[in-house]
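Asker: File protein32.cif below, mmCIF, C-alpha atoms and all ligand atoms:
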data_entry
loop_
_atom_site.label_atom_id
_atom_site.label_comp_id
_atom_site.auth_asym_id
_atom_site.auth_seq_id
_atom_site.Cartn_x
_atom_site.Cartn_y
_atom_site.Cartn_z
CA MET A 1 0.00 0.00 0.00
CA LEU A 2 1.32 3.44 -0.96
CA PRO A 3 2.15 5.76 1.96
CA ASP A 4 -0.67 8.06 3.06
CA SER A 5 0.75 11.56 3.61
CA HIS A 6 -2.38 13.35 4.82
CA ILE A 7 -3.87 11.89 7.99
CA HIS A 8 -5.65 13.68 10.85
CA THR A 9 -6.04 12.60 14.46
CA ASN A 10 -7.83 13.97 17.51
CA PHE A 11 -5.13 16.65 17.74
CA SER A 12 -7.27 18.26 14.99
CA GLN A 13 -10.54 19.71 16.25
CA ASP A 14 -12.55 18.00 13.51
CA SER A 15 -11.33 14.47 14.23
CA SER A 16 -11.96 12.14 17.14
CA ALA A 17 -9.62 9.41 15.90
CA LEU A 18 -6.85 8.37 18.25
CA PRO A 19 -3.42 8.55 16.58
CA GLU A 20 -2.87 4.88 17.52
CA THR A 21 -6.11 3.87 15.75
CA GLN A 22 -5.08 5.70 12.59
CA ILE A 23 -1.64 4.10 12.62
CA ASP A 24 -3.04 0.61 13.31
CA GLN A 25 -5.32 0.99 10.29
CA CYS A 26 -2.28 1.83 8.13
CA LEU A 27 -0.55 -1.30 9.43
CA LEU A 28 -3.63 -3.36 8.65
CA LEU A 29 -3.54 -2.09 5.07
CA GLY A 30 0.11 -3.10 4.74
CA MET A 31 1.52 0.42 4.63
CA LYS A 32 5.22 0.89 5.33
CA GLU A 33 5.21 4.65 5.87
CA LEU A 34 2.71 7.39 6.71
CA CYS A 35 2.55 11.01 7.71
CA ILE A 36 0.28 12.51 10.36
CA THR A 37 -0.69 16.06 9.36
CA ASP A 38 -2.93 17.71 11.93
CA HIS A 39 -4.54 21.11 11.33
CA HIS A 40 -2.99 24.41 12.27
CA ASP A 41 -5.12 27.32 11.05
CA TYR A 42 -3.91 30.34 12.94
CA GLU A 43 -5.96 33.52 12.57
CA GLY A 44 -3.41 36.04 13.71
CA ASP A 45 -5.44 37.69 16.46
CA ALA A 46 -6.30 36.95 20.05
CA LYS A 47 -9.66 35.35 19.36
CA GLU A 48 -10.08 31.72 20.35
CA ASP A 49 -9.47 29.56 17.35
CA SER A 50 -10.39 25.92 17.43
CA PHE A 51 -8.05 24.92 14.63
CA VAL A 52 -4.87 25.96 16.38
CA LEU A 53 -2.60 22.99 17.02
CA ASP A 54 -1.05 22.49 20.44
CA PHE A 55 2.49 21.84 19.15
CA ASP A 56 3.89 21.38 22.66
CA ALA A 57 1.63 18.38 23.16
CA TYR A 58 1.50 17.17 19.56
CA LEU A 59 5.17 16.91 18.65
CA PRO A 60 6.37 14.92 21.71
CA TYR A 61 3.34 12.62 21.45
CA MET A 62 4.00 11.86 17.78
CA ARG A 63 7.73 11.39 18.40
CA ARG A 64 6.93 8.84 21.09
CA LEU A 65 4.61 6.97 18.72
CA SER A 66 7.17 7.13 15.95
CA ARG A 67 9.70 5.39 18.21
CA LYS A 68 7.15 2.89 19.51
CA TYR A 69 6.15 1.76 15.99
CA ALA A 70 9.63 2.10 14.44
CA ASP A 71 10.11 -1.60 13.71
CA ARG A 72 6.70 -1.87 12.00
CA ILE A 73 6.09 1.36 10.12
CA ARG A 74 7.85 4.66 9.49
CA ILE A 75 5.83 7.51 11.00
CA ASN A 76 6.60 10.93 9.60
CA ILE A 77 5.36 13.91 11.54
CA GLY A 78 3.74 16.73 9.63
CA VAL A 79 1.27 19.55 9.85
CA GLU A 80 -1.44 20.96 7.57
CA LEU A 81 -0.89 24.69 7.70
CA GLY A 82 -3.65 27.11 6.74
CA LEU A 83 -2.02 29.67 4.42
CA GLN A 84 -3.02 33.33 4.79
CA LEU A 85 -1.04 36.37 3.73
CA HIS A 86 -1.79 38.64 6.69
CA ILE A 87 0.22 36.24 8.88
CA GLN A 88 3.09 35.77 6.41
CA GLU A 89 5.81 36.57 8.92
CA TYR A 90 4.33 34.26 11.54
CA LEU A 91 4.02 31.37 9.06
CA GLU A 92 7.55 31.68 7.68
CA LYS A 93 9.08 31.80 11.13
CA LEU A 94 6.99 28.84 12.28
CA ALA A 95 7.98 26.73 9.26
CA GLN A 96 11.67 27.51 9.75
CA ASN A 97 11.62 26.48 13.38
CA LEU A 98 9.23 23.53 13.38
CA GLU A 99 10.94 20.18 13.64
CA VAL A 100 8.61 18.26 11.36
CA ASP A 101 9.04 16.06 8.30
CA PHE A 102 6.37 17.58 6.11
CA ILE A 103 4.24 20.71 5.79
CA ILE A 104 1.09 20.76 3.68
CA GLY A 105 0.04 24.30 2.82
CA SER A 106 -3.72 24.65 2.34
CA SER A 107 -6.11 27.41 1.37
CA HIS A 108 -8.89 26.88 3.91
CA PHE A 109 -9.89 30.41 4.85
CA ILE A 110 -10.62 33.01 2.18
CA ASP A 111 -10.92 36.63 3.30
CA LYS A 112 -10.84 35.20 6.85
CA LYS A 113 -13.98 33.15 6.16
CA ASP A 114 -14.47 29.42 5.87
CA PRO A 115 -16.13 28.23 2.60
CA TYR A 116 -17.35 25.18 4.51
CA PHE A 117 -20.29 27.33 5.70
CA PRO A 118 -23.02 27.94 3.07
CA ASP A 119 -23.24 31.72 3.75
CA PHE A 120 -19.79 32.01 2.18
CA PHE A 121 -21.48 31.81 -1.25
CA GLU A 122 -24.35 34.17 -0.44
CA GLY A 123 -24.85 37.02 -2.90
CA LYS A 124 -22.10 35.83 -5.25
CA SER A 125 -22.10 33.61 -8.30
CA GLU A 126 -20.37 30.28 -7.93
CA ARG A 127 -17.96 31.15 -10.74
CA GLU A 128 -17.05 34.41 -9.02
CA VAL A 129 -16.23 32.55 -5.79
CA TYR A 130 -14.22 29.80 -7.50
CA GLU A 131 -12.19 32.35 -9.48
CA HIS A 132 -11.55 34.40 -6.37
CA TYR A 133 -10.44 31.25 -4.53
CA PHE A 134 -7.91 30.48 -7.28
CA GLU A 135 -6.64 34.10 -7.32
CA VAL A 136 -6.14 34.13 -3.56
CA THR A 137 -4.42 30.75 -3.76
CA LEU A 138 -2.05 31.92 -6.51
CA ASN A 139 -1.00 34.91 -4.41
CA ARG A 140 -0.36 32.71 -1.41
CA ILE A 141 1.74 30.25 -3.39
CA ARG A 142 3.76 33.02 -5.05
CA THR A 143 4.34 34.85 -1.77
CA LEU A 144 4.81 32.12 0.83
CA ASP A 145 7.59 29.62 1.21
CA CYS A 146 6.42 27.90 4.41
CA PHE A 147 5.14 24.63 2.89
CA ASP A 148 6.33 21.55 0.98
CA SER A 149 3.17 20.47 -0.84
CA PHE A 150 0.09 22.48 -1.71
CA GLY A 151 -3.03 20.73 -0.38
CA HIS A 152 -6.28 19.87 -2.24
CA LEU A 153 -5.92 22.58 -4.91
CA ASP A 154 -9.57 22.78 -6.03
CA TYR A 155 -10.96 22.19 -2.53
CA ILE A 156 -13.51 25.00 -3.01
CA VAL A 157 -15.62 22.86 -5.37
CA ARG A 158 -16.45 20.54 -2.46
CA TYR A 159 -18.58 23.35 -1.03
CA GLY A 160 -20.05 25.20 -4.06
CA PRO A 161 -23.88 25.21 -4.31
CA SER A 162 -23.65 23.01 -7.39
CA ALA A 163 -20.30 21.46 -6.40
CA ASN A 164 -18.49 20.36 -9.58
CA ARG A 165 -21.46 20.24 -11.99
CA HIS A 166 -20.28 23.33 -13.87
CA TYR A 167 -16.65 22.92 -12.96
CA SER A 168 -13.81 21.59 -15.10
CA PHE A 169 -10.12 22.35 -15.51
CA GLN A 170 -10.85 23.75 -18.99
CA ALA A 171 -13.46 26.17 -17.64
CA TYR A 172 -10.93 27.61 -15.16
CA GLN A 173 -7.65 27.00 -17.00
CA ASP A 174 -6.72 30.71 -17.05
CA HIS A 175 -6.80 30.67 -13.27
CA ILE A 176 -5.30 27.24 -12.65
CA ASP A 177 -2.35 27.25 -15.07
CA PRO A 178 -0.52 30.08 -13.24
CA ILE A 179 -0.90 28.17 -9.95
CA LEU A 180 0.63 25.02 -11.43
CA LYS A 181 3.45 27.03 -13.01
CA ALA A 182 4.19 28.76 -9.71
CA LEU A 183 4.45 25.39 -7.93
CA VAL A 184 6.82 24.05 -10.60
CA GLU A 185 8.98 27.20 -10.47
CA LYS A 186 9.20 27.09 -6.69
CA GLY A 187 9.96 23.35 -6.56
CA LYS A 188 6.90 22.69 -4.40
CA SER A 189 4.83 19.52 -4.56
CA LEU A 190 1.21 19.36 -5.63
CA GLU A 191 -0.92 17.22 -3.37
CA CYS A 192 -3.24 14.63 -4.82
CA ASN A 193 -6.00 14.42 -2.18
CA THR A 194 -8.45 11.53 -2.51
CA ALA A 195 -11.06 12.99 -0.15
CA GLY A 196 -12.87 14.35 -3.23
CA PHE A 197 -14.11 10.83 -3.87
CA ARG A 198 -15.70 10.84 -0.41
CA TYR A 199 -17.32 14.23 -0.97
CA GLY A 200 -19.28 12.78 -3.89
CA LEU A 201 -17.21 14.61 -6.49
CA ASN A 202 -16.06 11.37 -8.10
CA HIS A 203 -12.61 12.87 -8.62
CA PRO A 204 -9.60 13.68 -6.45
CA ASN A 205 -8.64 17.26 -5.51
CA PRO A 206 -7.30 18.48 -7.81
CA SER A 207 -9.15 16.72 -10.62
CA GLU A 208 -7.40 14.36 -13.06
CA ASP A 209 -7.08 16.98 -15.84
CA ILE A 210 -5.22 19.29 -13.45
CA LEU A 211 -2.84 16.52 -12.38
CA LYS A 212 -2.17 15.80 -16.05
CA ARG A 213 -1.61 19.49 -16.81
CA TYR A 214 0.82 19.84 -13.90
CA HIS A 215 2.84 16.97 -15.38
CA GLU A 216 2.74 18.58 -18.85
CA LEU A 217 4.08 21.80 -17.34
CA GLY A 218 7.07 19.93 -15.92
CA GLY A 219 5.65 19.16 -12.46
CA GLU A 220 7.22 16.01 -11.04
CA LEU A 221 6.57 16.35 -7.33
CA ILE A 222 3.27 14.80 -6.25
CA THR A 223 2.29 13.82 -2.72
CA LEU A 224 -0.61 11.50 -2.02
CA GLY A 225 -3.04 11.76 0.88
CA SER A 226 -6.50 10.61 1.89
CA ASP A 227 -7.19 13.48 4.32
CA ALA A 228 -8.60 10.81 6.62
CA HIS A 229 -10.24 12.07 9.80
CA SER A 230 -11.28 8.52 10.74
CA PRO A 231 -9.69 5.10 10.18
CA ASN A 232 -12.14 3.96 7.51
CA ALA A 233 -10.99 6.78 5.22
CA ILE A 234 -7.28 5.98 5.34
CA ALA A 235 -5.79 5.29 1.89
CA CYS A 236 -9.26 5.83 0.40
CA GLU A 237 -9.26 5.03 -3.35
CA PHE A 238 -5.46 4.70 -3.45
CA GLY A 239 -5.66 1.81 -5.95
CA ARG A 240 -7.75 3.89 -8.34
CA MET A 241 -5.51 6.91 -7.75
CA GLN A 242 -2.34 4.97 -8.49
CA ALA A 243 -3.72 4.05 -11.93
CA ILE A 244 -4.81 7.67 -12.59
CA LEU A 245 -1.40 9.07 -11.62
CA LYS A 246 0.37 6.59 -13.91
CA ASP A 247 -1.99 7.59 -16.73
CA CYS A 248 -1.08 11.22 -16.13
CA GLY A 249 2.57 10.29 -16.68
CA PHE A 250 3.85 10.13 -13.11
CA ARG A 251 6.21 7.32 -12.12
CA TYR A 252 6.70 8.31 -8.49
CA ILE A 253 4.97 9.97 -5.61
CA MET A 254 6.99 11.81 -2.97
CA VAL A 255 7.11 11.31 0.76
CA TYR A 256 8.80 13.99 2.85
CA ARG A 257 11.31 13.16 5.57
CA GLN A 258 12.86 16.10 7.40
CA ARG A 259 11.30 18.39 4.78
CA LYS A 260 13.04 16.63 1.86
CA PRO A 261 11.22 14.69 -0.88
CA HIS A 262 11.92 10.96 -1.36
CA PRO A 263 10.48 9.14 -4.38
CA ILE A 264 8.25 6.08 -3.94
CA PRO A 265 7.62 4.20 -7.22
CA LEU A 266 4.02 3.92 -8.36
ZN ZN B 301 -7.41 20.72 4.34
ZN ZN B 302 -6.66 17.79 5.96
#
Will you turn the file into structure tokens for me?
Answerer:
Amino acid sequence: MLPDSHIHTNFSQDSSALPETQIDQCLLLGMKELCITDHHDYEGDAKEDSFVLDFDAYLPYMRRLSRKYADRIRINIGVELGLQLHIQEYLEKLAQNLEVDFIIGSSHFIDKKDPYFPDFFEGKSEREVYEHYFEVTLNRIRTLDCFDSFGHLDYIVRYGPSANRHYSFQAYQDHIDPILKALVEKGKSLECNTAGFRYGLNHPNPSEDILKRYHELGGELITLGSDAHSPNAIACEFGRMQAILKDCGFRYIMVYRQRKPHPIPL
């Protein structure tokens, strides 16, 4: 089983899965390596934020588990960092000092709001929101250096009023191509996130055409993750994804150890 590089545990506010349960499920599936990537979405002000990670508890706990399981599975320790430009300095400093293997950078909040909630789309056309999401994302990728792989690129379509019914790479190519080019230029990975299959989209995030386009543009660094918040979602659709990635022209996925990519053959 290919390594799963996007797994949440109860250190994330939206998961109740014990780290041990997540790791045991990976073992059951025959995985040799994984990465735990709990949420850290810092807002930059004093207000209570439920998606702030308690690094002082998280890192020692994961290091202990990593040692405990060392003869059975390699546990990499990561974080899924919410990218926002108004906290640029904070994010860069954090990334430089964090002793982790892997940092996923994700666009969760847009204009300090979470698209997960339906009022995010109120009074705007879906196309307007999707385009704005891609513009904000492009700026973040161009400006920030605090991540290794960019998470679930077209994540916004999970939450649109008509989801992906009017969405395709071709329809948004003018917005998506510059993002892919920026990742290639900066030597950052693009994440292939299989949670899209669970959200009823019937495609990964980003969609197959975007993965193919990234490869055409010279992108070679792909990371693979299920975004599992519970054990039954670990490595979700990895068999199907492996075939899709090969079709797109990829021969390897990357796992990150101490912030450096290592190829795993597909
Ligand atoms: Zn995410
Ligand atoms: Zn996630």
Asker: Using all atoms listed in the file, what does the table of chain A residues within 7 Å of ligand ZN 302 (chain B) look like, with each row giving the shortest atom pair and its distance in Å to one decimal, sorted by chain and ascending number, as CSV?
Answerer:
residue,atom,partner,partner_atom,distance
A:His6,CA,B:ZN302,ZN,6.3
A:Ile7,CA,B:ZN302,ZN,6.8
A:His8,CA,B:ZN302,ZN,6.5
A:His39,CA,B:ZN302,ZN,6.7
A:Glu80,CA,B:ZN302,ZN,6.3
A:Asp227,CA,B:ZN302,ZN,4.6
Asker: Dig up all the protein and nucleic acid residues within 6 Å of (-6.5, 29.6, 3.0) in the file frame, using only C-alpha atoms, and format them as a short mmCIF file (atom, residue, chain, number, x, y, z; two decimals) with C-alpha atoms, in the frame of the given file.
Answerer:
data_model
loop_
_atom_site.label_atom_id
_atom_site.label_comp_id
_atom_site.auth_asym_id
_atom_site.auth_seq_id
_atom_site.Cartn_x
_atom_site.Cartn_y
_atom_site.Cartn_z
CA GLY A 82 -3.65 27.11 6.74
CA LEU A 83 -2.02 29.67 4.42
CA GLN A 84 -3.02 33.33 4.79
CA SER A 106 -3.72 24.65 2.34
CA SER A 107 -6.11 27.41 1.37
CA HIS A 108 -8.89 26.88 3.91
CA PHE A 109 -9.89 30.41 4.85
CA ILE A 110 -10.62 33.01 2.18
#
Asker: Could you jot down the atom CA of Ile244 of chain A to atom CA of Leu138 of chain A separation for me, Å, one decimal place?
Answerer: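 Rounded to one decimal, the two atoms are 25.2 Å apart.
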Asker: Produce as an NGL selection string the set of residues near ligand ZN 301 (chain B), where near means within 12 Å with only C-alpha atoms and all ligand atoms considered.
Answerer: :A and (6-8 or 12 or 14 or 37-41 or 51 or 79-83 or 103-109 or 114-116 or 149-156 or 158 or 191-196 or 205 or 225-229)
Asker: Expressed in Å to a single decimal, how great is the separation between atom CA of Ala70 of chain A and atom CA of Cys146 of chain A?
Answerer: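 Separating atom CA of Ala70 of chain A from atom CA of Cys146 of chain A is a distance of 27.9 Å.
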Asker: Between A:Pro178, A:Cys26, A:Arg213, A:Asp4, which is the closest to Met241 of chain A once you count all atoms listed in the file?
Answerer: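 Checking each candidate against Met241 of chain A, we get A:Asp4 as the closest.
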Asker: For segment 161-172 of chain A, work out the shell of residues within 10 Å, counting all atoms listed in the file and skipping chain neighbours fewer than 5 positions away, then give it as a JSON list (two decimals) with C-alpha atoms, in the coordinates of the input.
Answerer:
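Final output, saved to part.json:
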[["chain", "number", "residue", "atom", "x", "y", "z"],
["A", 118, "PRO", "CA", -23.02, 27.94, 3.07],
["A", 121, "PHE", "CA", -21.48, 31.81, -1.25],
["A", 122, "GLU", "CA", -24.35, 34.17, -0.44],
["A", 125, "SER", "CA", -22.10, 33.61, -8.30],
["A", 126, "GLU", "CA", -20.37, 30.28, -7.93],
["A", 127, "ARG", "CA", -17.96, 31.15, -10.74],
["A", 130, "TYR", "CA", -14.22, 29.80, -7.50],
["A", 131, "GLU", "CA", -12.19, 32.35, -9.48],
["A", 134, "PHE", "CA", -7.91, 30.48, -7.28],
["A", 154, "ASP", "CA", -9.57, 22.78, -6.03],
["A", 156, "ILE", "CA", -13.51, 25.00, -3.01],
["A", 177, "ASP", "CA", -2.35, 27.25, -15.07],
["A", 199, "TYR", "CA", -17.32, 14.23, -0.97],
["A", 200, "GLY", "CA", -19.28, 12.78, -3.89],
["A", 201, "LEU", "CA", -17.21, 14.61, -6.49],
["A", 202, "ASN", "CA", -16.06, 11.37, -8.10],
["A", 203, "HIS", "CA", -12.61, 12.87, -8.62],
["A", 206, "PRO", "CA", -7.30, 18.48, -7.81],
["A", 207, "SER", "CA", -9.15, 16.72, -10.62],
["A", 208, "GLU", "CA", -7.40, 14.36, -13.06],
["A", 209, "ASP", "CA", -7.08, 16.98, -15.84],
["A", 210, "ILE", "CA", -5.22, 19.29, -13.45],
["A", 211, "LEU", "CA", -2.84, 16.52, -12.38],
["A", 213, "ARG", "CA", -1.61, 19.49, -16.81]]
Asker: Taking all atoms listed in the file into account, which of A:Ala95, A:Leu65, A:Ile234, A:Ile141 comes nearest Lys181 of chain A?
Answerer: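 For Lys181 of chain A, the nearest of the candidates is A:Ile141.
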Asker: Looking at A:Pro265, A:Pro19, A:Pro204, A:Gly249, which one is nearest to Glu237 of chain A, with distances taken over all atoms listed in the file?
Answerer: A:Pro204
